[in-house]
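Below is one structure, written out as C-alpha cells; the observations come after it.
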Amino acid sequence: AQTVTQSQPEMSVQEAETVTLSCTYDTSENNYYLFWYKQPPSRQMILVIRQEAYKQQNATENRFSVNFQKAAKSFSLKISDSQLGDTAMYFCASINAGGTSYGKLTFGQGTILTVHP
Amino acid sequence: DTGVSQDPRHKITKRGQNVTFRCDPISEHNRLYWYRQTLGQGPEFLTYFQNEAQLEKSRLLSDRFSAERPKGSFSTLEIQRTEQGDSAMYLCASSLGPTYNEQFFGPGTRLTVL
C-alpha cells in the first residue's frame with residue numbers, strides 16, 4: 001500500500017518570496033509517479049507538476065519546481081516568486097504505474113498555503 | 001467548457017434518504033474515478049471505471065454505495081440509507097491513456113446529511 005504524508009498543515013509566504021512545501025511517501029513499487037495538485041478555495045483541483053520516479057532530473061513548470069529525493073522518499077514543491085493566486089490547498093499524491101493500481105491517486109493530508117500581499 | 005462537470009454541486013438530505021450524484025467526464029476520456037474528501041483532508045479513492053467496466057472498488061465503498069457508468073460515458077454514484085458520516089465532498093475525475101496521466105477533476109458535489 002502507498003502512503004503520502006504532508007507534515008505542514010499550514011504555510012504562509014509574502015508575495016514575491018519563495019516557499020517550499022514538504023511531502024514524504026512510502027511505496028514498495030519501483031514504477032510510480034508523484035504529483036502536486038492545487039485546490040483553490042471553492043474551486044476544482046488542478047495539476048501543478050508531475051515527476052516520474054525513474055527520472056533523476058527534477059521536474060520544473062515555470063515558477064514551480066520539485067526536489068525529488070528517491071532514496072529518502074521525499075518530494076517537496078518549491079514555489080518561486082509567490083503570487084496571490086497561489087493561495088490554495090496543495091496536495092501531494094502518488095500513483096503506482098504498474099500492476100493493478102489502475103491509476104488511483106493516493107493523496108496526502110494537504111497543506112494550506114496563504115500568500116500575503 | 002469541456003471540463004469535468006458534476007451535478008448537483010450541493011445536496012442536503014436527511015439521514016436514511018437515498019441520494020444520487022452525476023459526473024460527466026471529458027468526452028474522450030476512458031478512465032473515470034470517484035474520490036471522497038472530508039473537510040481538511042485529502043481525497044480518498046472510492047472506485048474506478050475504464051470505459052463502462054468498474055474495475056476497482058475501495059473498502060471505503062460499503063454496500064450502501066453503488067456506482068455505474070453506462071455506455072462508458074457519464075457516471076452516477078448512489079448512496080442508499082445515508083448516514084451522517086457520509087457527509088463529504090464527492091469528487092469525480094477523468095483521464096485518458098496510461099494510468100499515470102493527469103486526472104482532471106470536477107468541482108465536486110458537497111453532501112450534507114442531517
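Labels used: A, B, ... for chains in the order of the C-alpha cells, numbers from 1 for residues in each chain, and numbers from 1 for ligands as shown.
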As an MDAnalysis selection string, could you give me every residue of chain B near chain A (at most 6 Å apart, counting only C-alpha atoms)? chainID B and resid 41:42 99:100 105 107
Residue selection dump (C-alpha atoms) as an mmCIF file, in the first residue's frame:
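Okay, result22.cif is ready:
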```cif
data_model
loop_
_atom_site.group_PDB
_atom_site.id
_atom_site.type_symbol
_atom_site.label_atom_id
_atom_site.label_comp_id
_atom_site.auth_asym_id
_atom_site.auth_seq_id
_atom_site.Cartn_x
_atom_site.Cartn_y
_atom_site.Cartn_z
ATOM 1 C CA GLN B 41 -8.288 16.110 4.381
ATOM 2 C CA GLY B 42 -7.007 14.812 1.088
ATOM 3 C CA THR B 99 -2.883 5.289 -15.715
ATOM 4 C CA TYR B 100 -0.231 7.819 -14.704
ATOM 5 C CA PHE B 105 -11.149 16.866 -11.555
ATOM 6 C CA PRO B 107 -15.907 20.786 -8.953
#
```
Name the residues of segment 70-103 of chain B that come out as strand (DSSP E) in a backbone DSSP run; write them as an MDAnalysis selection string. chainID B and resid 75:79 88:95
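The residue set within 6 Å of segment 86-88 of chain A, counting only C-alpha atoms and dropping same-chain residues fewer than 2 places from it, reads A:Gln39, A:Pro40, A:Gln83, A:Leu84, A:Ile112, A:Leu113, A:Thr114, A:Val115.
Residue nearest His29 of chain B within the list B:Gln17, B:Ser94, B:Thr47, B:Thr82: B:Ser94 [criterion: smallest interatomic distance, only C-alpha atoms].
Among the candidates B:Ser95, B:Ser27, B:Asn101, B:Gln54, the residue lying nearest to Gln51 of chain A is B:Asn101 (atoms considered: only C-alpha atoms).
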Residues within 9 Å of Glu83 of chain B, only C-alpha atoms, excluding chain neighbours under 3 positions, as a PyMOL selection string: chain B and resi 14-17+80+86-87+113-114
Just all heavy atoms for this one: save the residues we selected as an mmCIF file, in the first residue's frame.
```cif
data_model
loop_
_atom_site.group_PDB
_atom_site.id
_atom_site.type_symbol
_atom_site.label_atom_id
_atom_site.label_comp_id
_atom_site.auth_asym_id
_atom_site.auth_seq_id
_atom_site.Cartn_x
_atom_site.Cartn_y
_atom_site.Cartn_z
ATOM 1 N N LYS B 14 -31.732 14.211 4.514
ATOM 2 C CA LYS B 14 -31.928 13.705 5.874
ATOM 3 C C LYS B 14 -31.395 12.277 5.953
ATOM 4 O O LYS B 14 -31.437 11.519 4.972
ATOM 5 C CB LYS B 14 -33.408 13.743 6.237
ATOM 6 C CG LYS B 14 -33.960 15.154 6.358
ATOM 7 C CD LYS B 14 -35.426 15.125 6.769
ATOM 8 C CE LYS B 14 -35.970 16.540 6.911
ATOM 9 N NZ LYS B 14 -37.404 16.543 7.289
ATOM 10 N N ARG B 15 -30.935 11.943 7.112
ATOM 11 C CA ARG B 15 -30.420 10.598 7.353
ATOM 12 C C ARG B 15 -31.450 9.558 6.935
ATOM 13 O O ARG B 15 -32.645 9.697 7.211
ATOM 14 C CB ARG B 15 -30.094 10.457 8.839
ATOM 15 C CG ARG B 15 -29.344 9.186 9.202
ATOM 16 C CD ARG B 15 -28.990 9.184 10.669
ATOM 17 N NE ARG B 15 -30.159 9.429 11.513
ATOM 18 C CZ ARG B 15 -30.129 9.554 12.832
ATOM 19 N NH1 ARG B 15 -28.971 9.469 13.459
ATOM 20 N NH2 ARG B 15 -31.212 9.761 13.513
ATOM 21 N N GLY B 16 -30.974 8.543 6.226
ATOM 22 C CA GLY B 16 -31.862 7.480 5.790
ATOM 23 C C GLY B 16 -32.361 7.621 4.364
ATOM 24 O O GLY B 16 -32.881 6.661 3.790
ATOM 25 N N GLN B 17 -32.190 8.822 3.795
ATOM 26 C CA GLN B 17 -32.625 9.036 2.426
ATOM 27 C C GLN B 17 -31.554 8.543 1.441
ATOM 28 O O GLN B 17 -30.385 8.398 1.780
ATOM 29 C CB GLN B 17 -32.887 10.526 2.181
ATOM 30 C CG GLN B 17 -34.002 11.102 3.036
ATOM 31 C CD GLN B 17 -35.342 10.489 2.680
ATOM 32 O OE1 GLN B 17 -35.771 10.526 1.539
ATOM 33 N NE2 GLN B 17 -36.012 9.907 3.675
ATOM 34 N N GLN B 80 -27.302 4.824 -0.636
ATOM 35 C CA GLN B 80 -28.597 4.464 -0.050
ATOM 36 C C GLN B 80 -28.529 4.594 1.469
ATOM 37 O O GLN B 80 -27.469 4.428 2.074
ATOM 38 C CB GLN B 80 -28.940 3.018 -0.435
ATOM 39 C CG GLN B 80 -29.137 2.818 -1.926
ATOM 40 C CD GLN B 80 -29.524 1.393 -2.276
ATOM 41 O OE1 GLN B 80 -29.108 0.446 -1.616
ATOM 42 N NE2 GLN B 80 -30.344 1.236 -3.299
ATOM 43 N N ASP B 86 -21.557 10.071 6.032
ATOM 44 C CA ASP B 86 -21.414 10.182 4.578
ATOM 45 C C ASP B 86 -21.216 11.629 4.143
ATOM 46 O O ASP B 86 -20.894 11.889 2.978
ATOM 47 C CB ASP B 86 -22.657 9.626 3.869
ATOM 48 C CG ASP B 86 -22.858 8.146 4.117
ATOM 49 O OD1 ASP B 86 -21.860 7.428 4.334
ATOM 50 O OD2 ASP B 86 -24.029 7.700 4.102
ATOM 51 N N SER B 87 -21.401 12.572 5.055
ATOM 52 C CA SER B 87 -21.217 13.987 4.719
ATOM 53 C C SER B 87 -19.786 14.229 4.282
ATOM 54 O O SER B 87 -18.839 13.926 5.015
ATOM 55 C CB SER B 87 -21.552 14.870 5.923
ATOM 56 O OG SER B 87 -22.901 14.765 6.264
ATOM 57 N N VAL B 113 -25.519 15.459 5.318
ATOM 58 C CA VAL B 113 -26.566 14.574 5.835
ATOM 59 C C VAL B 113 -26.945 15.048 7.230
ATOM 60 O O VAL B 113 -26.107 15.096 8.131
ATOM 61 C CB VAL B 113 -26.093 13.116 5.880
ATOM 62 C CG1 VAL B 113 -27.212 12.213 6.387
ATOM 63 C CG2 VAL B 113 -25.611 12.656 4.510
ATOM 64 N N LEU B 114 -28.210 15.434 7.373
ATOM 65 C CA LEU B 114 -28.682 15.979 8.650
ATOM 66 C C LEU B 114 -29.199 14.885 9.581
ATOM 67 O O LEU B 114 -29.631 13.823 9.109
ATOM 68 C CB LEU B 114 -29.789 17.017 8.393
ATOM 69 C CG LEU B 114 -29.374 18.181 7.488
ATOM 70 C CD1 LEU B 114 -30.577 19.077 7.235
ATOM 71 C CD2 LEU B 114 -28.245 18.963 8.143
#
```
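Contact shell of Arg9 of chain B at 7 Å (only C-alpha atoms; same-chain neighbours under 5 positions omitted): B:Gly108, B:Thr109, B:Arg110.
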Would you pick out the contacts of Thr2 of chain B at 10 Å or less, using only C-alpha atoms, so that residues sharing its chain but fewer than 6 positions from it are not included, and give the list as a VMD selection string? chain B and resid 24 to 27
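Shortest atom-to-atom contact with Leu61 of chain B among B:Gly40, B:Tyr35, B:Thr76, B:Ala93: B:Tyr35, counting only C-alpha atoms.
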